[in-house]
Amino acid sequence: MSSASRPSARSPADPSPALDAERAATARRAALEQAVRAGQDSDGLERLVRMAARVLDVPVAMVSFVAADREIIQAAVGLPEPWASLRSTPLSHSLCAQVVRLRGPVILFDARTDPAYRRHAAVVEMGAGAYAGYPVQHEEHTLGAFCAADFVPRAWSAHDLQLLEDLAAAASDELSLRIALQELQDSRERLQQLAAQLRTQSRTDALTGVANRRRFEERLVEEIARLHRHPGELALVLVDVDDFKQVNDSAGHQAGDTVLAEIAARTSGVLRRTDLLARLGGDEFAVLLPDADAAAAARLAQRVRRVVAARPIADLRVTVSTGTAAYVPSRGPDQFYADADAALYEAKGARRAAAGPAADDPSTANGPGAG
């Protein structure tokens with residue numbers, strides 16, 4: 001066989017006809033879902049079918065969409081039961097499905113004598129005597145039909161058919177506009193969700209899932225502003241992992257990450273809903289305690305030390321030191337943090353200086369604000 005007579009081979013990059021058809025069907029289903037949703041949000045289609053029934057003086061007018069398995073009645077007047085209540089019909093009973101299949105108008109003056117339609121279920125069971133339907137479209141997709149029907153034969157005039165065609169075009173425009181507005185609203189909601197997600201991420205420590213330093217500082221400002229409006233109590237507990245560098249050096253950074261995440265989880269388990277746990281950086285955490293005094297902070301610090309030391313983390317015996325402070329309005333937020341940090345420094349110094357096992361007892365406090 002000469003090269004000229006060989007059949008041309010389809011490039012691997014070229015889509016097959018079956019794939020083209022599948023993509024087209026998928027795109028049409030998506031457009032149909034949009035149209036059904038958009039039609040539910042609009043009374044414009046109802047107004048158009050009422051206008052058609054009134055101007056054409058027909059008992060039935062409707063806009064319907066044709067899915068793979070049924071006809072969805074989106075707007076209708078005069079449709080008999082049970083179809084009016086069901087708001088859908090099987091495709092076997094749908095003349096509008098023919099409009100979609102043909103992608104063009106279907107005009108029946110006397111359906112009962114038309115050889116192509118006289119045995120159609122819409123004629124035999126639903127009593128259609130005359131029918132005129134024009135395509136309803138969105139972009140390149142024929143989604144359904146705008147139709148008028150009568151239960152007796154009818155001589156549709158050129159004026160009647162032109163009106164129906166214009167109303168079908170108006171229905172298509174209404175749907176396209178509603179779909180565009182819907183897409184705009186969906187995009188705005190997605191942007192709002194993304195913005196909220198980014199705000200959360202910007203205030204959350206990625207490793208532990210608790211608040212980060214930024215969120216801690218924001219919350220501290222919020223709580224101090226609240227105290228200025230309604231005087232009350234505010235306390236702070238700083239938490240620092242003992243010998244954390246040795247954890248990283250001996251067990252590796254992955255074990256260190258596990259230790260930090262587990263400390264955050266265990267600490268979260270002993271907090272109130274109103275408390276804020278934040279990772280300030282490295283191995284340092286802070287717990288902000290609204291409506292809590294120095295004694296309450298000391299009790300919480302003791303619980304944190306105990307729950308962390310209660311069982312190994314990543315097969316390591318881990319302990320933490322804590323420092324606490326109560327907010328004094330006259331001293332300001334900087335001194336508030338400095339007081340807790342000084343108590344923490346004192347606790348870590350006392351632990352390092354201790355020579356016996358008592359130095360590692362997480363339930364032992366080293367000073368009024370330290371542990």
# chains A, B, ... in the order shown; residues from 1 in each chain; ligands from 1
>>> residues_around(residues="stretch 254-259 of chain A", least_positions_apart="6", cutoff="8 Å", atoms="only C-alpha atoms", output="VMD selection string")
chain A and resid 207 244 247 to 248 313 to 314 318
>>> closest_atom_pairs(of="stretch 302-346 of chain A", to="stretch 208-226 of chain A", cutoff="9 Å", atoms="only C-alpha atoms", output="Markdown table")
| residue | atom | partner | partner_atom | distance |
| --- | --- | --- | --- | --- |
| A:Tyr327 | CA | A:Ile224 | CA | 8.7 |
| A:Pro329 | CA | A:Ile224 | CA | 8.3 |
| A:Gly332 | CA | A:Ile224 | CA | 9.0 |
| A:Pro333 | CA | A:Ile224 | CA | 7.9 |
>>> closest_residue(among="A:Glu125, A:Asp341, A:Asp243, A:Asp283", to="A:Glu262", atoms="only C-alpha atoms")
A:Asp283
>>> select_by_dssp(residues="stretch 74-322 of chain A", states="strand (DSSP E or B)", output="ChimeraX atom specification")
/A:74-77,88-90,106-108,130-138,141-150,204,211-212,234-241,276-281,284-290,313,316,320-322
>>> write_last_selection(atoms="C-alpha atoms", output="PDB file, in the first residue's frame")
ATOM      1  CA  GLN A  74     -39.339  24.790  35.171  1.00  0.00           C
ATOM      2  CA  ALA A  75     -42.295  27.117  34.582  1.00  0.00           C
ATOM      3  CA  ALA A  76     -45.797  26.262  33.402  1.00  0.00           C
ATOM      4  CA  VAL A  77     -49.437  27.285  33.252  1.00  0.00           C
ATOM      5  CA  SER A  88     -41.437  16.467  35.558  1.00  0.00           C
ATOM      6  CA  THR A  89     -42.387  13.908  32.916  1.00  0.00           C
ATOM      7  CA  PRO A  90     -40.697  10.819  31.488  1.00  0.00           C
ATOM      8  CA  VAL A 106     -41.331  21.236  16.527  1.00  0.00           C
ATOM      9  CA  ILE A 107     -44.699  22.416  15.166  1.00  0.00           C
ATOM     10  CA  LEU A 108     -47.780  20.178  15.272  1.00  0.00           C
ATOM     11  CA  ALA A 130     -51.517  20.804  18.961  1.00  0.00           C
ATOM     12  CA  TYR A 131     -47.979  21.734  19.981  1.00  0.00           C
ATOM     13  CA  ALA A 132     -45.395  24.371  19.086  1.00  0.00           C
ATOM     14  CA  GLY A 133     -41.997  24.437  20.800  1.00  0.00           C
ATOM     15  CA  TYR A 134     -38.768  26.372  20.225  1.00  0.00           C
ATOM     16  CA  PRO A 135     -35.315  25.689  21.704  1.00  0.00           C
ATOM     17  CA  VAL A 136     -34.164  27.266  24.954  1.00  0.00           C
ATOM     18  CA  GLN A 137     -30.398  27.610  24.843  1.00  0.00           C
ATOM     19  CA  HIS A 138     -27.427  28.605  26.956  1.00  0.00           C
ATOM     20  CA  HIS A 141     -26.195  23.971  24.580  1.00  0.00           C
ATOM     21  CA  THR A 142     -29.842  23.311  23.716  1.00  0.00           C
ATOM     22  CA  LEU A 143     -31.244  22.708  27.191  1.00  0.00           C
ATOM     23  CA  GLY A 144     -34.987  22.567  26.648  1.00  0.00           C
ATOM     24  CA  ALA A 145     -37.949  24.219  25.006  1.00  0.00           C
ATOM     25  CA  PHE A 146     -40.403  27.074  25.314  1.00  0.00           C
ATOM     26  CA  CYS A 147     -43.712  25.663  24.123  1.00  0.00           C
ATOM     27  CA  ALA A 148     -47.431  26.212  23.830  1.00  0.00           C
ATOM     28  CA  ALA A 149     -49.953  23.398  23.544  1.00  0.00           C
ATOM     29  CA  ASP A 150     -53.651  22.869  23.075  1.00  0.00           C
ATOM     30  CA  THR A 204      -2.826  29.737  62.979  1.00  0.00           C
ATOM     31  CA  ALA A 211      -3.062  30.272  67.343  1.00  0.00           C
ATOM     32  CA  ASN A 212       0.188  31.904  66.271  1.00  0.00           C
ATOM     33  CA  LEU A 234      -6.854  38.663  82.844  1.00  0.00           C
ATOM     34  CA  ALA A 235      -3.963  36.248  83.331  1.00  0.00           C
ATOM     35  CA  LEU A 236      -1.175  34.782  81.236  1.00  0.00           C
ATOM     36  CA  VAL A 237       0.712  31.495  81.340  1.00  0.00           C
ATOM     37  CA  LEU A 238       3.921  31.051  79.338  1.00  0.00           C
ATOM     38  CA  VAL A 239       4.987  27.486  78.588  1.00  0.00           C
ATOM     39  CA  ASP A 240       8.480  26.493  77.474  1.00  0.00           C
ATOM     40  CA  VAL A 241       9.754  22.983  76.668  1.00  0.00           C
ATOM     41  CA  LEU A 276      -6.453  31.072  73.939  1.00  0.00           C
ATOM     42  CA  LEU A 277      -3.455  28.813  73.384  1.00  0.00           C
ATOM     43  CA  ALA A 278      -0.820  30.196  71.013  1.00  0.00           C
ATOM     44  CA  ARG A 279       2.575  29.092  69.836  1.00  0.00           C
ATOM     45  CA  LEU A 280       4.743  32.179  70.036  1.00  0.00           C
ATOM     46  CA  GLY A 281       7.653  30.598  68.216  1.00  0.00           C
ATOM     47  CA  GLU A 284       7.394  28.629  73.539  1.00  0.00           C
ATOM     48  CA  PHE A 285       3.631  28.681  74.031  1.00  0.00           C
ATOM     49  CA  ALA A 286       1.313  31.154  75.725  1.00  0.00           C
ATOM     50  CA  VAL A 287      -2.114  30.734  77.258  1.00  0.00           C
ATOM     51  CA  LEU A 288      -4.233  33.846  77.619  1.00  0.00           C
ATOM     52  CA  LEU A 289      -6.856  33.483  80.353  1.00  0.00           C
ATOM     53  CA  PRO A 290      -9.765  35.945  80.337  1.00  0.00           C
ATOM     54  CA  ILE A 313       5.965  11.833  73.741  1.00  0.00           C
ATOM     55  CA  LEU A 316      10.823  10.718  75.130  1.00  0.00           C
ATOM     56  CA  VAL A 320       7.816  21.986  80.454  1.00  0.00           C
ATOM     57  CA  SER A 321       8.437  25.020  82.585  1.00  0.00           C
ATOM     58  CA  THR A 322       5.828  27.702  83.088  1.00  0.00           C
TER      59      THR A 322
END
>>> select_by_dssp(residues="stretch 172-334 of chain A", states="alpha helix (DSSP H)", output="PyMOL selection string")
chain A and resi 172-202+213-229+244-251+253-268+294-309+332-334
>>> residues_around(residues="stretch 158-160 of chain A", least_positions_apart="2", cutoff="10 Å", atoms="only C-alpha atoms", output="PDB file with N, CA, C and O atoms, in the first residue's frame")
ATOM      1  N   ALA A  52     -47.323  34.031  27.206  1.00  0.00           N
ATOM      2  CA  ALA A  52     -47.589  33.188  26.042  1.00  0.00           C
ATOM      3  C   ALA A  52     -49.006  32.643  26.071  1.00  0.00           C
ATOM      4  O   ALA A  52     -49.724  32.674  25.053  1.00  0.00           O
ATOM      5  N   VAL A  55     -51.485  35.702  25.405  1.00  0.00           N
ATOM      6  CA  VAL A  55     -51.467  36.295  24.059  1.00  0.00           C
ATOM      7  C   VAL A  55     -51.892  35.285  23.004  1.00  0.00           C
ATOM      8  O   VAL A  55     -52.637  35.615  22.069  1.00  0.00           O
ATOM      9  N   LEU A  56     -51.467  34.037  23.146  1.00  0.00           N
ATOM     10  CA  LEU A  56     -51.809  33.011  22.161  1.00  0.00           C
ATOM     11  C   LEU A  56     -53.159  32.367  22.433  1.00  0.00           C
ATOM     12  O   LEU A  56     -53.665  31.613  21.598  1.00  0.00           O
ATOM     13  N   ALA A 132     -46.425  23.569  19.748  1.00  0.00           N
ATOM     14  CA  ALA A 132     -45.395  24.371  19.086  1.00  0.00           C
ATOM     15  C   ALA A 132     -44.318  24.677  20.124  1.00  0.00           C
ATOM     16  O   ALA A 132     -44.611  25.274  21.170  1.00  0.00           O
ATOM     17  N   ALA A 148     -46.001  26.002  23.597  1.00  0.00           N
ATOM     18  CA  ALA A 148     -47.431  26.212  23.830  1.00  0.00           C
ATOM     19  C   ALA A 148     -48.151  24.981  23.308  1.00  0.00           C
ATOM     20  O   ALA A 148     -47.718  24.359  22.329  1.00  0.00           O
ATOM     21  N   ALA A 155     -54.512  25.751  14.245  1.00  0.00           N
ATOM     22  CA  ALA A 155     -53.785  26.297  13.103  1.00  0.00           C
ATOM     23  C   ALA A 155     -52.888  27.429  13.597  1.00  0.00           C
ATOM     24  O   ALA A 155     -53.320  28.586  13.694  1.00  0.00           O
ATOM     25  N   TRP A 156     -51.626  27.111  13.936  1.00  0.00           N
ATOM     26  CA  TRP A 156     -50.696  28.128  14.408  1.00  0.00           C
ATOM     27  C   TRP A 156     -50.428  29.113  13.268  1.00  0.00           C
ATOM     28  O   TRP A 156     -50.082  28.729  12.151  1.00  0.00           O
ATOM     29  N   GLN A 162     -43.862  33.232  15.447  1.00  0.00           N
ATOM     30  CA  GLN A 162     -42.837  34.248  15.669  1.00  0.00           C
ATOM     31  C   GLN A 162     -42.813  34.683  17.134  1.00  0.00           C
ATOM     32  O   GLN A 162     -41.742  34.892  17.725  1.00  0.00           O
ATOM     33  N   LEU A 163     -44.002  34.799  17.727  1.00  0.00           N
ATOM     34  CA  LEU A 163     -44.073  35.151  19.144  1.00  0.00           C
ATOM     35  C   LEU A 163     -43.412  34.087  20.006  1.00  0.00           C
ATOM     36  O   LEU A 163     -42.638  34.397  20.915  1.00  0.00           O
ATOM     37  N   LEU A 164     -43.702  32.822  19.720  1.00  0.00           N
ATOM     38  CA  LEU A 164     -43.092  31.738  20.494  1.00  0.00           C
ATOM     39  C   LEU A 164     -41.574  31.732  20.338  1.00  0.00           C
ATOM     40  O   LEU A 164     -40.840  31.523  21.309  1.00  0.00           O
ATOM     41  N   GLU A 165     -41.104  31.959  19.124  1.00  0.00           N
ATOM     42  CA  GLU A 165     -39.653  32.000  18.909  1.00  0.00           C
ATOM     43  C   GLU A 165     -39.016  33.137  19.699  1.00  0.00           C
ATOM     44  O   GLU A 165     -37.949  32.978  20.314  1.00  0.00           O
ATOM     45  N   ASP A 166     -39.688  34.297  19.700  1.00  0.00           N
ATOM     46  CA  ASP A 166     -39.164  35.442  20.453  1.00  0.00           C
ATOM     47  C   ASP A 166     -39.184  35.176  21.958  1.00  0.00           C
ATOM     48  O   ASP A 166     -38.239  35.544  22.682  1.00  0.00           O
TER      49      ASP A 166
END
>>> closest_residue(among="A:Ala168, A:Ala325, A:Val152, A:Arg119", to="A:Pro105", atoms="only C-alpha atoms")
A:Ala168
>>> residues_around(residues="A:Leu95", least_positions_apart="3", cutoff="9 Å", atoms="only C-alpha atoms", output="list of chain:residue names")
A:Leu91, A:Ser92, A:Gln98, A:Val99, A:Val106, A:Tyr117, A:His120, A:Ala121, A:Ala122, A:Tyr131, A:Gly133
>>> closest_residue(among="A:Pro82, A:Gly349, A:Pro17, A:Pro115", to="A:Gly323", atoms="only C-alpha atoms")
A:Gly349
>>> residues_around(residues="A:Asp43", least_positions_apart="3", cutoff="12 Å", atoms="only C-alpha atoms", output="ChimeraX atom specification")
/A:38-40,46-50,63,74-76,171,174-175,178
